>>> print(open('entry_32.txt').read())   # compact mmCIF, N, CA and C atoms
# COMPACT_ATOMS: atom_id res chain seq x y z
N ALA X 1 -9.90 27.01 -9.25
CA ALA X 1 -9.84 26.51 -7.88
C ALA X 1 -11.23 26.10 -7.41
N GLY X 2 -12.23 26.89 -7.66
CA GLY X 2 -13.59 26.54 -7.29
C GLY X 2 -13.78 26.35 -5.80
N ILE X 3 -14.69 25.47 -5.46
CA ILE X 3 -15.07 25.24 -4.07
C ILE X 3 -14.22 24.15 -3.39
N ALA X 4 -13.48 23.39 -4.16
CA ALA X 4 -12.74 22.24 -3.61
C ALA X 4 -11.82 22.60 -2.44
N PRO X 5 -11.00 23.66 -2.52
CA PRO X 5 -10.14 23.98 -1.37
C PRO X 5 -10.94 24.29 -0.10
N THR X 6 -12.09 24.92 -0.26
CA THR X 6 -12.94 25.23 0.89
C THR X 6 -13.49 23.95 1.51
N LEU X 7 -13.87 22.99 0.67
CA LEU X 7 -14.38 21.71 1.19
C LEU X 7 -13.29 20.93 1.93
N VAL X 8 -12.09 20.92 1.38
CA VAL X 8 -10.98 20.22 2.04
C VAL X 8 -10.68 20.88 3.39
N ALA X 9 -10.67 22.21 3.42
CA ALA X 9 -10.43 22.92 4.68
C ALA X 9 -11.52 22.61 5.70
N ALA X 10 -12.75 22.47 5.25
CA ALA X 10 -13.85 22.14 6.17
C ALA X 10 -13.67 20.74 6.75
N VAL X 11 -13.24 19.79 5.94
CA VAL X 11 -12.99 18.43 6.43
C VAL X 11 -11.87 18.47 7.48
N GLU X 12 -10.83 19.21 7.19
CA GLU X 12 -9.71 19.30 8.13
C GLU X 12 -10.14 19.96 9.44
N GLN X 13 -10.93 21.02 9.36
CA GLN X 13 -11.40 21.69 10.57
C GLN X 13 -12.29 20.77 11.39
N HIS X 14 -13.13 20.02 10.73
CA HIS X 14 -14.00 19.08 11.44
C HIS X 14 -13.15 18.02 12.14
N GLY X 15 -12.12 17.55 11.46
CA GLY X 15 -11.20 16.58 12.07
C GLY X 15 -10.55 17.15 13.32
N ARG X 16 -10.12 18.40 13.25
CA ARG X 16 -9.52 19.04 14.44
C ARG X 16 -10.53 19.12 15.59
N LEU X 17 -11.77 19.49 15.27
CA LEU X 17 -12.80 19.57 16.30
C LEU X 17 -13.06 18.22 16.96
N LEU X 18 -12.88 17.16 16.19
CA LEU X 18 -13.06 15.81 16.72
C LEU X 18 -11.82 15.29 17.45
N GLY X 19 -10.74 16.07 17.39
CA GLY X 19 -9.51 15.66 18.05
C GLY X 19 -8.67 14.68 17.24
N LEU X 20 -8.89 14.62 15.95
CA LEU X 20 -8.13 13.70 15.11
C LEU X 20 -6.73 14.26 14.85
N ASP X 21 -5.78 13.36 14.61
CA ASP X 21 -4.40 13.75 14.36
C ASP X 21 -4.09 13.95 12.89
N GLU X 22 -4.88 13.31 12.02
CA GLU X 22 -4.57 13.38 10.60
C GLU X 22 -5.79 13.11 9.75
N VAL X 23 -5.68 13.52 8.48
CA VAL X 23 -6.67 13.18 7.47
C VAL X 23 -5.98 12.24 6.49
N VAL X 24 -6.65 11.14 6.18
CA VAL X 24 -6.14 10.18 5.20
C VAL X 24 -7.12 10.17 4.04
N LEU X 25 -6.60 10.27 2.84
CA LEU X 25 -7.47 10.22 1.67
C LEU X 25 -6.83 9.38 0.58
N ALA X 26 -7.64 8.98 -0.37
CA ALA X 26 -7.14 8.17 -1.47
C ALA X 26 -7.53 8.81 -2.78
N VAL X 27 -6.59 8.82 -3.71
CA VAL X 27 -6.83 9.33 -5.05
C VAL X 27 -6.86 8.13 -5.99
N SER X 28 -7.92 8.02 -6.74
CA SER X 28 -8.06 6.92 -7.69
C SER X 28 -6.88 6.86 -8.65
N ALA X 29 -6.50 5.66 -9.01
CA ALA X 29 -5.44 5.46 -9.99
C ALA X 29 -5.82 6.08 -11.33
N TYR X 30 -7.09 6.35 -11.53
CA TYR X 30 -7.58 6.93 -12.78
C TYR X 30 -7.59 8.46 -12.75
N SER X 31 -7.18 9.05 -11.62
CA SER X 31 -7.14 10.51 -11.48
C SER X 31 -5.80 10.98 -10.91
N PRO X 32 -4.69 10.52 -11.46
CA PRO X 32 -3.39 10.85 -10.86
C PRO X 32 -3.07 12.35 -10.87
N ARG X 33 -3.71 13.13 -11.73
CA ARG X 33 -3.45 14.57 -11.77
C ARG X 33 -3.86 15.27 -10.47
N LEU X 34 -4.67 14.60 -9.65
CA LEU X 34 -5.10 15.20 -8.38
C LEU X 34 -4.03 15.12 -7.29
N VAL X 35 -3.09 14.20 -7.43
CA VAL X 35 -2.06 14.03 -6.40
C VAL X 35 -1.28 15.32 -6.18
N PRO X 36 -0.75 15.98 -7.22
CA PRO X 36 -0.03 17.24 -6.98
C PRO X 36 -0.91 18.34 -6.38
N TRP X 37 -2.18 18.33 -6.71
CA TRP X 37 -3.10 19.32 -6.14
C TRP X 37 -3.21 19.13 -4.63
N TYR X 38 -3.42 17.88 -4.19
CA TYR X 38 -3.48 17.62 -2.75
C TYR X 38 -2.14 17.91 -2.08
N GLU X 39 -1.05 17.60 -2.75
CA GLU X 39 0.26 17.92 -2.19
C GLU X 39 0.41 19.44 -1.99
N SER X 40 -0.16 20.22 -2.90
CA SER X 40 -0.09 21.68 -2.75
C SER X 40 -0.87 22.17 -1.53
N LEU X 41 -1.78 21.34 -1.03
CA LEU X 41 -2.57 21.67 0.17
C LEU X 41 -1.92 21.12 1.44
N GLY X 42 -0.76 20.50 1.31
CA GLY X 42 -0.05 20.00 2.49
C GLY X 42 -0.14 18.51 2.71
N TYR X 43 -0.75 17.78 1.80
CA TYR X 43 -0.83 16.33 1.91
C TYR X 43 0.45 15.70 1.38
N ARG X 44 0.82 14.55 1.93
CA ARG X 44 2.01 13.84 1.50
C ARG X 44 1.64 12.40 1.16
N VAL X 45 2.21 11.92 0.06
CA VAL X 45 1.97 10.53 -0.36
C VAL X 45 2.58 9.60 0.68
N GLU X 46 1.81 8.60 1.07
CA GLU X 46 2.28 7.55 1.98
C GLU X 46 2.37 6.27 1.15
N PRO X 47 3.54 6.00 0.58
CA PRO X 47 3.65 4.89 -0.38
C PRO X 47 3.34 3.50 0.18
N HIS X 48 3.48 3.31 1.48
CA HIS X 48 3.24 1.98 2.06
C HIS X 48 1.86 1.86 2.70
N ALA X 49 1.09 2.95 2.68
CA ALA X 49 -0.25 2.91 3.28
C ALA X 49 -1.20 2.13 2.39
N VAL X 50 -2.13 1.45 3.03
CA VAL X 50 -3.17 0.70 2.33
C VAL X 50 -4.49 1.35 2.68
N TYR X 51 -5.26 1.71 1.66
CA TYR X 51 -6.56 2.33 1.88
C TYR X 51 -7.59 1.23 2.09
N ALA X 52 -8.19 1.20 3.25
CA ALA X 52 -9.07 0.10 3.64
C ALA X 52 -10.32 -0.03 2.78
N HIS X 53 -10.74 1.06 2.14
CA HIS X 53 -11.99 1.03 1.38
C HIS X 53 -11.77 0.93 -0.13
N ALA X 54 -10.55 0.62 -0.55
CA ALA X 54 -10.26 0.51 -1.98
C ALA X 54 -11.01 -0.67 -2.58
N SER X 55 -11.47 -0.48 -3.80
CA SER X 55 -12.16 -1.56 -4.51
C SER X 55 -11.15 -2.61 -4.96
N PRO X 56 -11.42 -3.87 -4.67
CA PRO X 56 -10.51 -4.93 -5.14
C PRO X 56 -10.56 -5.10 -6.65
N LEU X 57 -11.53 -4.47 -7.30
CA LEU X 57 -11.69 -4.59 -8.75
C LEU X 57 -10.97 -3.48 -9.51
N SER X 58 -10.36 -2.53 -8.80
CA SER X 58 -9.67 -1.40 -9.42
C SER X 58 -8.20 -1.40 -9.03
N ALA X 59 -7.43 -0.64 -9.78
CA ALA X 59 -6.03 -0.46 -9.43
C ALA X 59 -5.94 0.23 -8.07
N PRO X 60 -4.93 -0.06 -7.27
CA PRO X 60 -4.82 0.57 -5.95
C PRO X 60 -4.72 2.09 -6.07
N PRO X 61 -5.37 2.80 -5.15
CA PRO X 61 -5.29 4.25 -5.17
C PRO X 61 -3.97 4.74 -4.57
N THR X 62 -3.67 6.00 -4.78
CA THR X 62 -2.58 6.66 -4.10
C THR X 62 -3.11 7.20 -2.78
N VAL X 63 -2.47 6.86 -1.67
CA VAL X 63 -2.92 7.29 -0.36
C VAL X 63 -2.09 8.49 0.08
N LEU X 64 -2.79 9.53 0.53
CA LEU X 64 -2.13 10.75 1.01
C LEU X 64 -2.59 11.03 2.44
N VAL X 65 -1.71 11.67 3.21
CA VAL X 65 -1.99 11.98 4.62
C VAL X 65 -1.58 13.41 4.89
N ARG X 66 -2.38 14.08 5.72
CA ARG X 66 -2.01 15.39 6.23
C ARG X 66 -2.20 15.39 7.73
N ARG X 67 -1.13 15.73 8.45
CA ARG X 67 -1.21 15.86 9.90
C ARG X 67 -2.00 17.11 10.25
N LEU X 68 -2.83 17.03 11.26
CA LEU X 68 -3.66 18.16 11.67
C LEU X 68 -3.10 18.87 12.89
N THR X 69 -2.17 18.24 13.57
CA THR X 69 -1.64 18.83 14.80
C THR X 69 -0.37 19.62 14.56
>>> encode(input="entry_32.txt", output="structure tokens")
Amino acid sequence: AGIAPTLVAAVEQHGRLLGLDEVVLAVSAYSPRLVPWYESLGYRVEPHAVYAHASPLSAPPTVLVRRLT
């Protein structure tokens, strides 16, 4: 597990402090094994979402969202 769950929790807490409703993240098409890990943390795949910062030179990432409220 390492430090990754703690870092994700810190991002979510910071989002709550800022009054955000959700966290949106993208998993590279080259790291699909991470999708189930994020799902185990409460994230859900948004199949129709487009990640604004995706590289046009790479395969589209998988976009996941977690509601904070």
>>> atom_distance(input="entry_32.txt", atom1="atom CA of Gly19 of chain X", atom2="atom CA of Pro60 of chain X")
28.7 Å
>>> select_by_dssp(input="entry_32.txt", residues="segment 3-51 of chain X", states="alpha helix (DSSP H)", output="count of residues only")
21
>>> residues_near_point(input="entry_32.txt", point="(-3.1, 17.8, 1.6)", cutoff="9 Å", atoms="only C-alpha atoms", output="ChimeraX atom specification")
/X:8,23-25,35,37-44,64-67
>>> atom_distance(input="entry_32.txt", atom1="atom C of Pro56 of chain X", atom2="atom C of Val27 of chain X")
13.8 Å
>>> closest_residue(input="entry_32.txt", among="X:Leu34, X:Leu7, X:Ala26, X:Val63", to="Glu46 of chain X", atoms="all atoms listed in the file")
X:Val63
>>> select_by_dssp(input="entry_32.txt", residues="chain X", states="strand (DSSP E)", output="NGL selection string")
:X and (22-27 or 44-45 or 62-67)
>>> write_last_selection(input="entry_32.txt", atoms="N, CA and C atoms", output="PDB file, in the frame of the given file")
ATOM      1  N   GLU X  22      -4.880  13.310  12.020  1.00  0.00           N
ATOM      2  CA  GLU X  22      -4.570  13.380  10.600  1.00  0.00           C
ATOM      3  C   GLU X  22      -5.790  13.110   9.750  1.00  0.00           C
ATOM      4  N   VAL X  23      -5.680  13.520   8.480  1.00  0.00           N
ATOM      5  CA  VAL X  23      -6.670  13.180   7.470  1.00  0.00           C
ATOM      6  C   VAL X  23      -5.980  12.240   6.490  1.00  0.00           C
ATOM      7  N   VAL X  24      -6.650  11.140   6.180  1.00  0.00           N
ATOM      8  CA  VAL X  24      -6.140  10.180   5.200  1.00  0.00           C
ATOM      9  C   VAL X  24      -7.120  10.170   4.040  1.00  0.00           C
ATOM     10  N   LEU X  25      -6.600  10.270   2.840  1.00  0.00           N
ATOM     11  CA  LEU X  25      -7.470  10.220   1.670  1.00  0.00           C
ATOM     12  C   LEU X  25      -6.830   9.380   0.580  1.00  0.00           C
ATOM     13  N   ALA X  26      -7.640   8.980  -0.370  1.00  0.00           N
ATOM     14  CA  ALA X  26      -7.140   8.170  -1.470  1.00  0.00           C
ATOM     15  C   ALA X  26      -7.530   8.810  -2.780  1.00  0.00           C
ATOM     16  N   VAL X  27      -6.590   8.820  -3.710  1.00  0.00           N
ATOM     17  CA  VAL X  27      -6.830   9.330  -5.050  1.00  0.00           C
ATOM     18  C   VAL X  27      -6.860   8.130  -5.990  1.00  0.00           C
ATOM     19  N   ARG X  44       0.820  14.550   1.930  1.00  0.00           N
ATOM     20  CA  ARG X  44       2.010  13.840   1.500  1.00  0.00           C
ATOM     21  C   ARG X  44       1.640  12.400   1.160  1.00  0.00           C
ATOM     22  N   VAL X  45       2.210  11.920   0.060  1.00  0.00           N
ATOM     23  CA  VAL X  45       1.970  10.530  -0.360  1.00  0.00           C
ATOM     24  C   VAL X  45       2.580   9.600   0.680  1.00  0.00           C
ATOM     25  N   THR X  62      -3.670   6.000  -4.780  1.00  0.00           N
ATOM     26  CA  THR X  62      -2.580   6.660  -4.100  1.00  0.00           C
ATOM     27  C   THR X  62      -3.110   7.200  -2.780  1.00  0.00           C
ATOM     28  N   VAL X  63      -2.470   6.860  -1.670  1.00  0.00           N
ATOM     29  CA  VAL X  63      -2.920   7.290  -0.360  1.00  0.00           C
ATOM     30  C   VAL X  63      -2.090   8.490   0.080  1.00  0.00           C
ATOM     31  N   LEU X  64      -2.790   9.530   0.530  1.00  0.00           N
ATOM     32  CA  LEU X  64      -2.130  10.750   1.010  1.00  0.00           C
ATOM     33  C   LEU X  64      -2.590  11.030   2.440  1.00  0.00           C
ATOM     34  N   VAL X  65      -1.710  11.670   3.210  1.00  0.00           N
ATOM     35  CA  VAL X  65      -1.990  11.980   4.620  1.00  0.00           C
ATOM     36  C   VAL X  65      -1.580  13.410   4.890  1.00  0.00           C
ATOM     37  N   ARG X  66      -2.380  14.080   5.720  1.00  0.00           N
ATOM     38  CA  ARG X  66      -2.010  15.390   6.230  1.00  0.00           C
ATOM     39  C   ARG X  66      -2.200  15.390   7.730  1.00  0.00           C
ATOM     40  N   ARG X  67      -1.130  15.730   8.450  1.00  0.00           N
ATOM     41  CA  ARG X  67      -1.210  15.860   9.900  1.00  0.00           C
ATOM     42  C   ARG X  67      -2.000  17.110  10.250  1.00  0.00           C
TER      43      ARG X  67
END
>>> atom_distance(input="entry_32.txt", atom1="atom C of Arg16 of chain X", atom2="atom C of Ala4 of chain X")
18.4 Å
>>> residues_around(input="entry_32.txt", residues="Ser28 of chain X", least_positions_apart="4", cutoff="7 Å", atoms="all atoms listed in the file", output="list in words")
Pro32, Ala59, Pro60, Pro61 and Thr62 of chain X
>>> axis_aligned_box(input="entry_32.txt", around="segment 20-37 of chain X", padding_each_side="8 Å", output="JSON")
{"center_x": -4.5, "center_y": 12.4, "center_z": 1.6, "size_x": 24.9, "size_y": 29.9, "size_z": 44.7}
>>> closest_residue(input="entry_32.txt", among="X:Ala49, X:Leu20, X:Ala10, X:Ala29", to="Leu68 of chain X", atoms="only N, CA and C atoms")
X:Leu20
>>> closest_residue(input="entry_32.txt", among="X:Val45, X:Leu17, X:Leu57, X:Val50", to="Thr69 of chain X", atoms="only C-alpha atoms")
X:Leu17
